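Next up, model.cif (mmCIF, C-alpha atoms):
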data_model
loop_
_atom_site.label_atom_id
_atom_site.label_comp_id
_atom_site.auth_asym_id
_atom_site.auth_seq_id
_atom_site.Cartn_x
_atom_site.Cartn_y
_atom_site.Cartn_z
CA MET R 1 0.00 0.00 0.00
CA PRO R 2 1.39 3.48 -0.82
CA GLU R 3 2.37 5.69 2.09
CA LEU R 4 1.07 9.10 3.00
CA LEU R 5 3.25 12.06 2.19
CA PRO R 6 5.51 13.23 5.05
CA ARG R 7 3.43 16.39 5.52
CA ALA R 8 0.35 14.27 6.20
CA ARG R 9 2.20 11.89 8.51
CA ALA R 10 3.54 14.88 10.42
CA SER R 11 0.08 16.41 10.88
CA GLN R 12 -1.32 15.90 14.36
CA GLU R 13 -4.37 16.96 16.32
CA SER R 14 -3.94 20.62 17.24
CA ILE R 15 -3.33 21.58 20.85
CA PHE R 16 -6.63 23.49 20.82
CA ALA R 17 -8.68 20.52 19.67
CA ARG R 18 -6.84 18.21 22.07
CA MET R 19 -7.38 20.40 25.12
CA SER R 20 -11.06 20.87 24.26
CA ARG R 21 -11.44 17.10 23.86
CA LEU R 22 -9.73 16.52 27.21
CA ALA R 23 -11.88 19.20 28.84
CA VAL R 24 -15.02 17.32 27.79
CA GLN R 25 -13.52 13.97 28.78
CA HIS R 26 -12.56 15.14 32.29
CA GLY R 27 -15.36 17.62 32.95
CA ALA R 28 -12.91 20.53 33.03
CA VAL R 29 -13.66 24.21 32.63
CA ASN R 30 -12.36 25.04 29.16
CA LEU R 31 -10.26 28.20 29.28
CA GLY R 32 -8.15 26.78 26.45
CA GLN R 33 -9.84 27.05 23.07
CA GLY R 34 -11.14 30.51 22.23
CA PHE R 35 -14.83 30.04 21.61
CA PRO R 36 -17.37 32.12 23.55
CA SER R 37 -19.83 30.68 26.02
CA ASP R 38 -22.45 33.25 25.05
CA ALA R 39 -24.88 32.75 22.18
CA PRO R 40 -24.54 34.97 19.12
CA PRO R 41 -26.60 38.17 19.26
CA ALA R 42 -30.31 37.88 18.53
CA PHE R 43 -30.10 40.18 15.49
CA LEU R 44 -27.61 37.79 13.87
CA LEU R 45 -29.69 34.70 14.63
CA ASP R 46 -32.85 36.39 13.32
CA ALA R 47 -31.05 37.26 10.09
CA ALA R 48 -29.92 33.64 9.71
CA ARG R 49 -33.44 32.33 10.19
CA GLY R 50 -34.62 34.69 7.49
CA ALA R 51 -31.93 33.49 5.08
CA VAL R 52 -32.26 29.71 5.55
CA GLY R 53 -34.75 28.36 3.05
CA ARG R 54 -34.30 31.40 0.85
CA LEU R 55 -30.59 31.54 0.11
CA ASP R 56 -29.35 27.96 0.22
CA GLN R 57 -27.36 27.41 -2.98
CA TYR R 58 -23.82 28.25 -4.03
CA ALA R 59 -22.63 31.81 -3.61
CA PRO R 60 -20.00 33.31 -5.94
CA PRO R 61 -16.48 32.29 -4.83
CA ALA R 62 -15.69 35.92 -4.00
CA GLY R 63 -18.72 36.07 -1.72
CA LEU R 64 -22.32 37.24 -1.81
CA PRO R 65 -22.35 40.75 -3.30
CA VAL R 66 -24.46 42.01 -0.40
CA LEU R 67 -21.84 40.82 2.11
CA ARG R 68 -18.93 42.24 0.12
CA GLU R 69 -20.75 45.58 0.02
CA ALA R 70 -21.50 45.44 3.76
CA LEU R 71 -17.86 44.62 4.54
CA GLY R 72 -16.66 47.40 2.28
CA ALA R 73 -18.85 49.90 4.14
CA ASP R 74 -17.74 48.57 7.53
CA LEU R 75 -14.02 48.47 6.74
CA GLY R 76 -13.90 51.67 4.70
CA VAL R 77 -12.87 49.91 1.49
CA ASP R 78 -14.44 49.12 -1.86
CA GLY R 79 -16.52 45.95 -1.66
CA ALA R 80 -15.04 44.90 -4.99
CA ASP R 81 -11.70 44.46 -3.19
CA VAL R 82 -13.17 42.07 -0.59
CA VAL R 83 -13.18 38.26 -0.86
CA VAL R 84 -15.33 36.22 1.53
CA THR R 85 -13.83 32.96 2.85
CA SER R 86 -14.83 29.98 4.97
CA GLY R 87 -13.43 31.52 8.12
CA ALA R 88 -10.20 33.40 8.75
CA THR R 89 -8.16 30.18 8.71
CA GLU R 90 -9.07 29.62 5.08
CA ALA R 91 -8.39 33.30 4.36
CA LEU R 92 -4.86 32.91 5.72
CA ASN R 93 -4.32 29.70 3.75
CA VAL R 94 -5.56 31.31 0.53
CA LEU R 95 -3.11 34.17 1.02
CA ALA R 96 -0.26 31.75 1.70
CA LEU R 97 -1.02 30.00 -1.60
CA THR R 98 -1.38 33.35 -3.38
CA LEU R 99 1.59 35.34 -2.06
CA TYR R 100 4.50 33.00 -1.37
CA GLY R 101 5.90 29.69 -2.53
CA PRO R 102 9.06 27.61 -3.01
CA GLY R 103 12.22 29.58 -2.25
CA ASP R 104 10.35 32.33 -0.39
CA GLU R 105 10.42 33.21 3.30
CA VAL R 106 7.56 34.69 5.29
CA LEU R 107 8.29 36.51 8.54
CA THR R 108 5.94 36.29 11.48
CA LEU R 109 6.11 36.75 15.25
CA GLU R 110 6.69 34.19 17.96
CA PRO R 111 4.64 33.24 19.94
CA VAL R 112 2.80 32.43 16.72
CA PHE R 113 -0.78 31.35 16.05
CA ASP R 114 -0.51 27.70 15.13
CA VAL R 115 -1.69 27.76 11.50
CA TYR R 116 0.84 30.31 10.20
CA VAL R 117 3.81 27.95 10.15
CA PRO R 118 2.21 24.87 8.54
CA GLN R 119 0.34 26.98 5.99
CA ALA R 120 3.61 28.59 4.86
CA ARG R 121 5.21 25.17 4.56
CA LEU R 122 2.27 23.74 2.62
CA ALA R 123 2.67 26.64 0.19
CA GLY R 124 6.31 25.59 -0.23
CA ALA R 125 7.72 28.62 1.60
CA THR R 126 9.92 28.80 4.70
CA PRO R 127 8.35 30.36 7.81
CA VAL R 128 10.75 32.51 9.85
CA THR R 129 9.60 33.41 13.36
CA VAL R 130 10.87 36.48 15.20
CA PRO R 131 10.51 36.36 19.01
CA MET R 132 8.48 39.09 20.66
CA ARG R 133 9.88 41.08 23.57
CA LEU R 134 8.58 40.28 27.06
CA ASP R 135 9.52 42.45 30.02
CA ALA R 136 7.88 44.21 32.95
CA ARG R 137 5.83 46.30 30.51
CA GLY R 138 4.41 43.16 28.93
CA TRP R 139 4.61 41.88 25.37
CA GLY R 140 5.96 44.03 22.55
CA LEU R 141 7.33 44.01 19.04
CA ASP R 142 11.11 43.56 18.74
CA LEU R 143 11.70 45.79 15.73
CA PRO R 144 15.49 45.36 15.53
CA ALA R 145 15.05 41.58 15.49
CA LEU R 146 12.37 41.87 12.79
CA ARG R 147 14.64 44.02 10.62
CA ALA R 148 17.54 41.63 11.10
CA ALA R 149 15.42 38.66 9.99
CA VAL R 150 14.75 40.05 6.50
CA THR R 151 16.75 38.34 3.75
CA PRO R 152 16.69 38.52 -0.06
CA ARG R 153 14.26 35.58 0.06
CA THR R 154 11.73 37.34 2.29
CA ARG R 155 8.44 37.73 0.45
CA ALA R 156 5.92 38.78 3.11
CA LEU R 157 5.35 39.92 6.68
CA LEU R 158 2.50 38.25 8.55
CA ILE R 159 1.40 40.48 11.45
CA ASN R 160 -1.42 39.76 13.92
CA THR R 161 -2.79 42.72 15.88
CA PRO R 162 -4.45 42.48 18.36
CA HIS R 163 -2.09 39.56 18.81
CA ASN R 164 -3.05 36.00 19.68
CA PRO R 165 -1.87 34.57 22.08
CA THR R 166 -0.38 37.54 23.94
CA GLY R 167 -3.18 40.10 23.59
CA ALA R 168 -0.66 42.78 22.55
CA VAL R 169 -2.00 45.67 20.46
CA PHE R 170 0.82 47.20 18.44
CA SER R 171 1.07 50.99 18.41
CA ARG R 172 0.89 53.20 15.36
CA ALA R 173 4.59 53.94 15.72
CA GLU R 174 5.45 50.22 15.74
CA LEU R 175 3.28 49.54 12.71
CA GLU R 176 4.74 52.50 10.83
CA GLU R 177 8.14 50.86 11.32
CA VAL R 178 6.71 47.60 9.96
CA VAL R 179 5.39 49.46 6.92
CA ALA R 180 8.73 51.19 6.36
CA LEU R 181 10.45 47.80 6.45
CA ALA R 182 7.94 46.33 3.98
CA ARG R 183 8.39 49.23 1.58
CA GLN R 184 12.17 49.17 1.86
CA HIS R 185 12.27 45.49 0.83
CA ASP R 186 9.09 45.51 -1.31
CA LEU R 187 7.25 42.94 0.81
CA TRP R 188 3.60 42.00 1.00
CA ILE R 189 1.89 42.51 4.36
CA VAL R 190 -0.69 40.01 5.60
CA SER R 191 -2.50 41.65 8.52
CA ASP R 192 -4.50 39.20 10.63
CA GLU R 193 -7.04 41.49 12.34
CA VAL R 194 -9.68 39.00 13.46
CA TYR R 195 -9.80 40.66 16.89
CA ASP R 196 -10.14 44.18 15.47
CA GLU R 197 -13.21 44.95 17.59
CA LEU R 198 -11.91 43.34 20.79
CA TYR R 199 -9.65 45.88 22.50
CA PHE R 200 -9.51 47.58 25.89
CA GLY R 201 -7.79 50.88 25.19
CA ASP R 202 -7.27 52.86 22.02
CA PRO R 203 -8.60 51.12 18.87
CA PRO R 204 -6.01 49.09 16.98
CA VAL R 205 -4.48 50.70 13.91
CA ALA R 206 -5.43 48.88 10.71
CA LEU R 207 -2.31 48.26 8.64
CA ARG R 208 -4.27 48.80 5.42
CA THR R 209 -4.62 52.46 6.39
CA LEU R 210 -0.82 52.80 6.56
CA ALA R 211 0.15 50.72 3.52
CA PRO R 212 -2.93 50.14 1.38
CA GLU R 213 -0.89 49.25 -1.71
CA ARG R 214 0.60 46.07 -0.19
CA THR R 215 -1.67 45.01 2.68
CA PHE R 216 -4.14 42.12 2.73
CA THR R 217 -6.42 42.34 5.78
CA VAL R 218 -7.95 39.17 7.24
CA GLY R 219 -11.11 39.40 9.34
CA SER R 220 -13.65 37.12 11.02
CA ALA R 221 -17.37 37.32 11.69
CA GLY R 222 -16.92 34.51 14.19
CA LYS R 223 -14.76 36.67 16.46
CA ARG R 224 -16.81 39.82 16.02
CA LEU R 225 -20.26 38.25 16.40
CA GLU R 226 -19.66 35.39 18.86
CA ALA R 227 -20.23 32.73 16.19
CA THR R 228 -16.91 30.96 15.66
CA GLY R 229 -18.56 27.90 14.11
CA TRP R 230 -20.19 29.83 11.30
CA ARG R 231 -16.90 30.04 9.37
CA VAL R 232 -17.43 33.37 7.65
CA GLY R 233 -14.20 35.30 7.17
CA TRP R 234 -12.83 37.75 4.66
CA ILE R 235 -9.82 39.25 2.92
CA ALA R 236 -9.65 42.95 2.07
CA CYS R 237 -7.18 43.23 -0.81
CA PRO R 238 -5.06 46.22 -1.86
CA PRO R 239 -7.45 48.70 -3.47
CA GLY R 240 -7.76 49.30 -7.17
CA THR R 241 -5.41 46.45 -8.10
CA GLY R 242 -7.90 43.83 -9.23
CA LEU R 243 -6.12 41.31 -6.98
CA ALA R 244 -9.40 40.24 -5.39
CA GLY R 245 -10.18 38.35 -8.59
CA ASN R 246 -6.93 36.39 -8.33
CA VAL R 247 -7.51 35.67 -4.64
CA ALA R 248 -11.07 34.51 -5.33
CA GLY R 249 -9.71 32.26 -8.08
CA ILE R 250 -7.46 30.52 -5.57
CA ARG R 251 -10.10 30.21 -2.85
CA GLN R 252 -12.63 28.59 -5.20
CA GLN R 253 -10.27 25.60 -5.45
CA GLY R 254 -10.84 24.94 -1.73
CA SER R 255 -14.29 25.24 -0.20
CA PHE R 256 -15.55 27.17 -3.27
CA CYS R 257 -17.75 29.44 -1.14
CA ALA R 258 -18.64 30.12 2.47
CA PRO R 259 -22.14 29.02 3.63
CA THR R 260 -24.57 31.18 1.67
CA PRO R 261 -27.30 31.77 4.29
CA LEU R 262 -24.69 32.61 6.91
CA GLN R 263 -23.05 35.10 4.54
CA ALA R 264 -26.43 36.78 4.12
CA ALA R 265 -26.97 36.83 7.88
CA VAL R 266 -23.57 38.44 8.50
CA ALA R 267 -24.30 41.02 5.79
CA ALA R 268 -27.52 42.00 7.57
CA ALA R 269 -25.90 41.95 11.02
CA LEU R 270 -22.79 44.06 10.37
CA PRO R 271 -24.53 47.45 10.10
CA VAL R 272 -26.77 46.61 13.08
CA ALA R 273 -23.77 45.70 15.24
CA ARG R 274 -22.10 49.00 14.35
CA ARG R 275 -25.22 51.15 14.70
CA ASP R 276 -26.44 49.65 17.98
CA GLY R 277 -23.09 49.62 19.79
CA PHE R 278 -22.81 45.84 19.97
CA TYR R 279 -19.00 45.90 19.80
CA ALA R 280 -18.73 48.51 22.55
CA GLY R 281 -20.94 46.38 24.77
CA LEU R 282 -18.90 43.29 24.00
CA ARG R 283 -15.68 45.10 24.89
CA GLN R 284 -17.15 46.32 28.17
CA GLU R 285 -18.32 42.83 29.12
CA TYR R 286 -15.04 41.20 28.18
CA ALA R 287 -13.06 43.83 30.07
CA GLY R 288 -14.99 42.82 33.18
CA ARG R 289 -14.34 39.13 32.60
CA MET R 290 -10.67 39.80 31.93
CA ALA R 291 -10.40 41.72 35.20
CA LEU R 292 -12.14 38.87 37.04
CA LEU R 293 -9.76 36.26 35.66
CA ALA R 294 -6.61 38.38 35.95
CA GLY R 295 -7.41 39.51 39.48
CA GLY R 296 -8.20 35.98 40.57
CA LEU R 297 -4.97 34.62 39.11
CA GLU R 298 -2.93 37.39 40.73
CA ALA R 299 -4.53 36.58 44.07
CA LEU R 300 -3.25 33.03 43.60
CA GLY R 301 0.29 34.31 43.09
CA ALA R 302 0.40 34.13 39.30
CA THR R 303 2.18 36.72 37.18
CA VAL R 304 -0.41 37.99 34.72
CA TYR R 305 0.24 39.96 31.54
CA ARG R 306 -3.01 41.81 30.96
CA PRO R 307 -3.90 42.12 27.28
CA GLY R 308 -4.68 45.22 25.25
CA GLY R 309 -6.99 43.20 23.03
CA THR R 310 -8.37 39.75 22.05
CA TYR R 311 -10.10 37.59 24.65
CA PHE R 312 -6.93 35.89 25.86
CA LEU R 313 -4.38 36.63 28.55
CA THR R 314 -1.05 35.03 29.34
CA ALA R 315 0.09 34.13 32.83
CA GLN R 316 2.88 32.33 34.65
CA LEU R 317 1.10 30.20 37.22
CA GLY R 318 4.14 29.65 39.41
CA PRO R 319 6.55 26.83 40.26
CA ALA R 320 3.90 24.73 42.01
CA ALA R 321 1.63 24.65 38.98
CA PRO R 322 1.13 21.30 37.25
CA ASP R 323 1.69 21.13 33.50
CA ALA R 324 -1.27 21.83 31.24
CA GLY R 325 -2.00 18.14 30.64
CA THR R 326 -2.11 17.35 34.34
CA LEU R 327 -4.10 20.51 35.03
CA VAL R 328 -6.90 19.54 32.67
CA GLU R 329 -6.98 15.89 33.75
CA ARG R 330 -6.64 16.32 37.53
CA GLY R 331 -7.18 20.00 38.20
CA GLY R 332 -10.30 20.40 36.09
CA VAL R 333 -9.15 23.44 34.08
CA ALA R 334 -8.07 23.47 30.44
CA THR R 335 -5.42 25.98 29.38
CA ILE R 336 -3.01 26.20 26.44
CA PRO R 337 0.71 25.97 27.30
CA LEU R 338 2.54 28.81 25.61
CA GLU R 339 5.15 26.40 24.31
CA ALA R 340 2.52 25.37 21.74
CA PHE R 341 3.01 28.81 20.16
CA TYR R 342 6.82 28.50 20.03
CA PRO R 343 7.83 26.21 17.16
CA THR R 344 11.36 27.65 16.92
CA HIS R 345 12.47 29.44 20.09
CA GLY R 346 12.08 28.58 23.76
CA ALA R 347 8.87 29.65 25.48
CA PRO R 348 8.86 31.53 28.80
CA GLN R 349 8.91 29.01 31.62
CA GLY R 350 5.53 27.97 33.02
CA MET R 351 3.49 30.33 30.83
CA VAL R 352 -0.05 29.52 29.70
CA ARG R 353 -2.74 31.21 27.65
CA LEU R 354 -6.21 31.44 29.14
CA ALA R 355 -9.42 32.49 27.39
CA PHE R 356 -11.85 34.80 29.15
CA CYS R 357 -14.60 34.61 26.51
CA LYS R 358 -16.33 32.27 28.94
CA SER R 359 -19.15 33.05 31.36
CA ARG R 360 -18.35 34.69 34.67
CA GLY R 361 -19.59 31.53 36.37
CA GLU R 362 -17.13 29.40 34.41
CA ILE R 363 -14.28 31.79 35.19
CA GLU R 364 -15.12 31.73 38.91
CA GLN R 365 -15.33 27.93 38.87
CA ALA R 366 -11.96 27.74 37.11
CA LEU R 367 -10.39 30.03 39.71
CA ASP R 368 -11.74 27.85 42.52
CA ARG R 369 -10.23 24.77 40.90
CA LEU R 370 -6.94 26.54 40.22
CA ALA R 371 -6.76 27.57 43.87
CA ALA R 372 -6.76 23.88 44.80
CA ALA R 373 -4.45 22.81 41.98
CA LEU R 374 -1.79 25.43 42.70
CA VAL R 375 -1.34 24.54 46.36
CA PRO R 376 2.16 23.06 46.78
CA ALA R 377 2.13 19.35 47.62
#
For the structure just supplied, provide its representation as structure tokens.
Amino acid sequence: MPELLPRARASQESIFARMSRLAVQHGAVNLGQGFPSDAPPAFLLDAARGAVGRLDQYAPPAGLPVLREALGADLGVDGADVVVTSGATEALNVLALTLYGPGDEVLTLEPVFDVYVPQARLAGATPVTVPMRLDARGWGLDLPALRAAVTPRTRALLINTPHNPTGAVFSRAELEEVVALARQHDLWIVSDEVYDELYFGDPPVALRTLAPERTFTVGSAGKRLEATGWRVGWIACPPGTGLAGNVAGIRQQGSFCAPTPLQAAVAAALPVARRDGFYAGLRQEYAGRMALLAGGLEALGATVYRPGGTYFLTAQLGPAAPDAGTLVERGGVATIPLEAFYPTHGAPQGMVRLAFCKSRGEIEQALDRLAAALVPA
């Protein structure tokens, strides 16, 4: 019997899927995988009910025109430059297949969201990770290290802000330096902005506003509208270039189109969410949950790095803390060890990522269990 290719043999269950599976198996509170406990907003669900049974067939590969127009209005771009995808993960994969290939390098930051590295490799390119800075001020961009990592083979910069897993929100000054670097070496910029509406201070700066001619922006309805399983994402392409047609041509070779009724529902929901202050309310609620989790962890002696955005925080639980596998199986709390985000360099000792997109009751239950689990034997 023929064998699988090495890339298939090397593929394993992701840390996120594994920790969620173990959480169910052991009855643990799942602060690992980043899916909200809350239901999507009623206006989104109502729009979906109105679309099912009416819009159930294939959509164009670039997306339903009504959704592309709604995204254009929301993002401040031309809807003709937007391509709708089956979630942000597919958007990132489509861009990997579109922008870089054999002989190319793509620079990204470490800790790194888990799909960036394998997607680059599947496209035939070499992923190069640049460690972020961590000090008493928290997580930050190491610009000298990023500059030093550029080589003649570098084809693109892949930047995630607000950043998963650290929650860092890069400043305008930092991003202007990124843009200057991209222009100096004529690089594409892939800007993963799925958490663009989840921030706790000043709004994040969209890279497309600084370098529109070379930036592809990735977004996610799942993150914005509490519906991660709907798999509706998008790519905003450089304006006036016609590149959206090329990108749509690549993405049609995968899932062909995102679910049509859910695209229609998102199109109807986007202006309502903006008009009715849904995102502001979500930020306020998540800020409270973040404070609950961070304060509880600090009371247990953990060192917590409070995020500027996303719905994740990172923390060092201390020398008495069991490893993440033991914690989910015996302590009843699922987390993600930060080493899972470090494919190249060493992770900070004893660091985990915790999600606070869970109910306050779940967070309180997790803190109670952590209080027992972190007691030295």
- Message: Measuring between all atoms listed in the file, which one of R:Val247, R:Val130, R:Ala324, R:Leu317 shows the shortest distance to Gly346 of chain R?
- Response: R:Val130
- Could you name the residues that touch Ser359 of chain R at 9 Å or less, counting all atoms listed in the file, but leaving out those on the same chain fewer than 5 positions away, as a list in words?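 Listing them by chain and then by number gives Pro36, Ser37, Asp38, Arg289 and Glu364 of chain R.
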- Task: Kindly resolve the PyMOL selection byres ((chain R and resi 145) around 12) on the present coordinates and return the residues as a VMD selection string.
- Result: chain R and resid 107 to 110 128 to 133 140 to 144 146 to 150 178 181
- Query: Distance atom CA of Asn160 of chain R-atom CA of Gly101 of chain R, one decimal place?
  - Reply: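 Value for the atom CA of Asn160 of chain R-atom CA of Gly101 of chain R distance: 20.6 Å.
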- Task: Do a neighbour search on segment 161-167 of chain R at 10 Å with only C-alpha atoms, toss out local chain neighbours closer than 3 positions, and write the hits as an MDAnalysis selection string.
- Result: chainID R and resid 109:114 132 134 138:140 170:171 175 191:199 203:207 305:315 336 338 341 352:355
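When atom CA of Leu75 of chain R is paired with atom CA of Ile235 of chain R, their separation reads 10.8 Å.
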- Message: Could you list, as a list in words, every residue within 12 Å of Ala47 of chain R, counting all atoms listed in the file and ignoring same-chain residues fewer than 5 positions away?
- Response: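 So, after excluding close chain neighbours, the residues are Pro40, Pro41, Ala42, Val52, Gly53, Arg54, Leu55, Pro261, Leu262, Gln263, Ala264, Ala265, Val266, Ala267, Ala268, Ala269, Leu270 and Val272 of chain R.
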Any chance you could export the current selection's C-alpha atoms as a short mmCIF file (atom, residue, chain, number, x, y, z; two decimals), in the frame of the given file?
data_model
loop_
_atom_site.label_atom_id
_atom_site.label_comp_id
_atom_site.auth_asym_id
_atom_site.auth_seq_id
_atom_site.Cartn_x
_atom_site.Cartn_y
_atom_site.Cartn_z
CA PRO R 40 -24.54 34.97 19.12
CA PRO R 41 -26.60 38.17 19.26
CA ALA R 42 -30.31 37.88 18.53
CA VAL R 52 -32.26 29.71 5.55
CA GLY R 53 -34.75 28.36 3.05
CA ARG R 54 -34.30 31.40 0.85
CA LEU R 55 -30.59 31.54 0.11
CA PRO R 261 -27.30 31.77 4.29
CA LEU R 262 -24.69 32.61 6.91
CA GLN R 263 -23.05 35.10 4.54
CA ALA R 264 -26.43 36.78 4.12
CA ALA R 265 -26.97 36.83 7.88
CA VAL R 266 -23.57 38.44 8.50
CA ALA R 267 -24.30 41.02 5.79
CA ALA R 268 -27.52 42.00 7.57
CA ALA R 269 -25.90 41.95 11.02
CA LEU R 270 -22.79 44.06 10.37
CA VAL R 272 -26.77 46.61 13.08
#
- Evaluate the PyMOL selection byres ((chain R and resi 231) around 10) on the structure here and hand back the selected residues as a ChimeraX atom specification. /R:85-90,220-223,227-230,232-234,258-259,262-263
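The space separating atom CA of Ala80 of chain R from atom CA of Val179 of chain R comes to 24.1 Å.
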- Query: With all atoms listed in the file as the atoms that count, which of R:Leu64, R:Leu187, R:Ala236, R:Leu210 lies nearest to Asp81 of chain R?
  - Reply: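 Among the listed residues, R:Ala236 lies closest to Asp81 of chain R.
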Segment 184-189 of chain R, all listed atoms, 3 Å padding on each side: what axis-aligned box centre and edge lengths in Å to one decimal come out, as JSON?
{"center_x": 7.1, "center_y": 45.6, "center_z": 1.5, "size_x": 16.4, "size_y": 13.2, "size_z": 11.7}
- Message: Could you tell me, as a count of residues only, exactly which residues end up selected when the PyMOL selection byres ((chain R and resi 16) around 12) is applied to this structure?
- Response: 31
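Of the listed residues R:Gly361, R:Gly76, R:Pro118, R:Pro65, the one whose atoms come nearest to Leu293 of chain R is R:Gly361, with distances taken using all atoms listed in the file.
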So that I can see what lies close to Gly249 of chain R, please list as a PDB file with C-alpha atoms, in the frame of the given file the residues with an atom at most 9 Å from it, counting all atoms listed in the file and leaving out residues fewer than 5 positions away in the same chain.
ATOM      1  CA  PRO R  61     -16.480  32.290  -4.830  1.00  0.00           C
ATOM      2  CA  ALA R  62     -15.690  35.920  -4.000  1.00  0.00           C
ATOM      3  CA  ALA R 244      -9.400  40.240  -5.390  1.00  0.00           C
TER       4      ALA R 244
END
- Using all atoms listed in the file, find the one residue out of R:Arg137, R:Arg330, R:Arg360, R:Arg49 that sits nearest to Val304 of chain R. R:Arg137
- Message: With distances taken over all atoms listed in the file, which residue among R:Tyr116, R:Tyr58, R:Phe278, R:Trp188 lies nearest Glu226 of chain R?
- Response: R:Phe278
- Message: Counting all atoms listed in the file, I want the residues whose atoms come within 10 Å of (10.1, 26.7, 5.6) in the file frame, returned as a PyMOL selection string.
- Response: chain R and resi 101-106+117-128
Can you spit out the residues from that selection as a tab-separated table (two decimals), keeping the file's coordinate frame, using C-alpha atoms?
chain	number	residue	atom	x	y	z
R	101	GLY	CA	5.90	29.69	-2.53
R	102	PRO	CA	9.06	27.61	-3.01
R	103	GLY	CA	12.22	29.58	-2.25
R	104	ASP	CA	10.35	32.33	-0.39
R	105	GLU	CA	10.42	33.21	3.30
R	106	VAL	CA	7.56	34.69	5.29
R	117	VAL	CA	3.81	27.95	10.15
R	118	PRO	CA	2.21	24.87	8.54
R	119	GLN	CA	0.34	26.98	5.99
R	120	ALA	CA	3.61	28.59	4.86
R	121	ARG	CA	5.21	25.17	4.56
R	122	LEU	CA	2.27	23.74	2.62
R	123	ALA	CA	2.67	26.64	0.19
R	124	GLY	CA	6.31	25.59	-0.23
R	125	ALA	CA	7.72	28.62	1.60
R	126	THR	CA	9.92	28.80	4.70
R	127	PRO	CA	8.35	30.36	7.81
R	128	VAL	CA	10.75	32.51	9.85
- Query: Between R:Arg251, R:Lys358, R:Arg283, R:Arg369, which has the minimum distance to Leu92 of chain R (counting only C-alpha atoms)?
  - Reply: R:Arg251
Using the structure just given, write a file holding N, CA, C and O atoms for segment 357-368 of chain R, as a PDB file, in the first residue's frame.
ATOM      1  N   CYS R 357     -13.335  34.480  27.228  1.00  0.00           N
ATOM      2  CA  CYS R 357     -14.603  34.613  26.506  1.00  0.00           C
ATOM      3  C   CYS R 357     -15.626  33.627  27.051  1.00  0.00           C
ATOM      4  O   CYS R 357     -16.569  33.239  26.345  1.00  0.00           O
ATOM      5  N   LYS R 358     -15.440  33.202  28.276  1.00  0.00           N
ATOM      6  CA  LYS R 358     -16.328  32.266  28.943  1.00  0.00           C
ATOM      7  C   LYS R 358     -17.225  33.036  29.920  1.00  0.00           C
ATOM      8  O   LYS R 358     -16.989  34.202  30.225  1.00  0.00           O
ATOM      9  N   SER R 359     -18.247  32.374  30.428  1.00  0.00           N
ATOM     10  CA  SER R 359     -19.151  33.047  31.361  1.00  0.00           C
ATOM     11  C   SER R 359     -18.423  33.365  32.661  1.00  0.00           C
ATOM     12  O   SER R 359     -17.422  32.735  33.022  1.00  0.00           O
ATOM     13  N   ARG R 360     -18.945  34.350  33.375  1.00  0.00           N
ATOM     14  CA  ARG R 360     -18.352  34.688  34.673  1.00  0.00           C
ATOM     15  C   ARG R 360     -18.412  33.496  35.630  1.00  0.00           C
ATOM     16  O   ARG R 360     -17.491  33.269  36.427  1.00  0.00           O
ATOM     17  N   GLY R 361     -19.484  32.719  35.529  1.00  0.00           N
ATOM     18  CA  GLY R 361     -19.587  31.533  36.372  1.00  0.00           C
ATOM     19  C   GLY R 361     -18.498  30.522  36.072  1.00  0.00           C
ATOM     20  O   GLY R 361     -17.919  29.925  36.985  1.00  0.00           O
ATOM     21  N   GLU R 362     -18.205  30.323  34.790  1.00  0.00           N
ATOM     22  CA  GLU R 362     -17.132  29.399  34.412  1.00  0.00           C
ATOM     23  C   GLU R 362     -15.774  29.913  34.891  1.00  0.00           C
ATOM     24  O   GLU R 362     -14.929  29.132  35.360  1.00  0.00           O
ATOM     25  N   ILE R 363     -15.550  31.221  34.747  1.00  0.00           N
ATOM     26  CA  ILE R 363     -14.277  31.792  35.195  1.00  0.00           C
ATOM     27  C   ILE R 363     -14.125  31.626  36.704  1.00  0.00           C
ATOM     28  O   ILE R 363     -13.052  31.240  37.200  1.00  0.00           O
ATOM     29  N   GLU R 364     -15.188  31.892  37.452  1.00  0.00           N
ATOM     30  CA  GLU R 364     -15.119  31.732  38.910  1.00  0.00           C
ATOM     31  C   GLU R 364     -14.880  30.272  39.299  1.00  0.00           C
ATOM     32  O   GLU R 364     -14.095  29.979  40.216  1.00  0.00           O
ATOM     33  N   GLN R 365     -15.542  29.349  38.592  1.00  0.00           N
ATOM     34  CA  GLN R 365     -15.325  27.932  38.870  1.00  0.00           C
ATOM     35  C   GLN R 365     -13.884  27.534  38.559  1.00  0.00           C
ATOM     36  O   GLN R 365     -13.256  26.787  39.318  1.00  0.00           O
ATOM     37  N   ALA R 366     -13.349  28.040  37.460  1.00  0.00           N
ATOM     38  CA  ALA R 366     -11.964  27.744  37.107  1.00  0.00           C
ATOM     39  C   ALA R 366     -11.003  28.274  38.170  1.00  0.00           C
ATOM     40  O   ALA R 366     -10.037  27.592  38.542  1.00  0.00           O
ATOM     41  N   LEU R 367     -11.259  29.468  38.677  1.00  0.00           N
ATOM     42  CA  LEU R 367     -10.387  30.030  39.707  1.00  0.00           C
ATOM     43  C   LEU R 367     -10.438  29.201  40.988  1.00  0.00           C
ATOM     44  O   LEU R 367      -9.407  28.991  41.642  1.00  0.00           O
ATOM     45  N   ASP R 368     -11.628  28.718  41.336  1.00  0.00           N
ATOM     46  CA  ASP R 368     -11.737  27.853  42.519  1.00  0.00           C
ATOM     47  C   ASP R 368     -10.916  26.583  42.332  1.00  0.00           C
ATOM     48  O   ASP R 368     -10.216  26.134  43.255  1.00  0.00           O
TER      49      ASP R 368
END
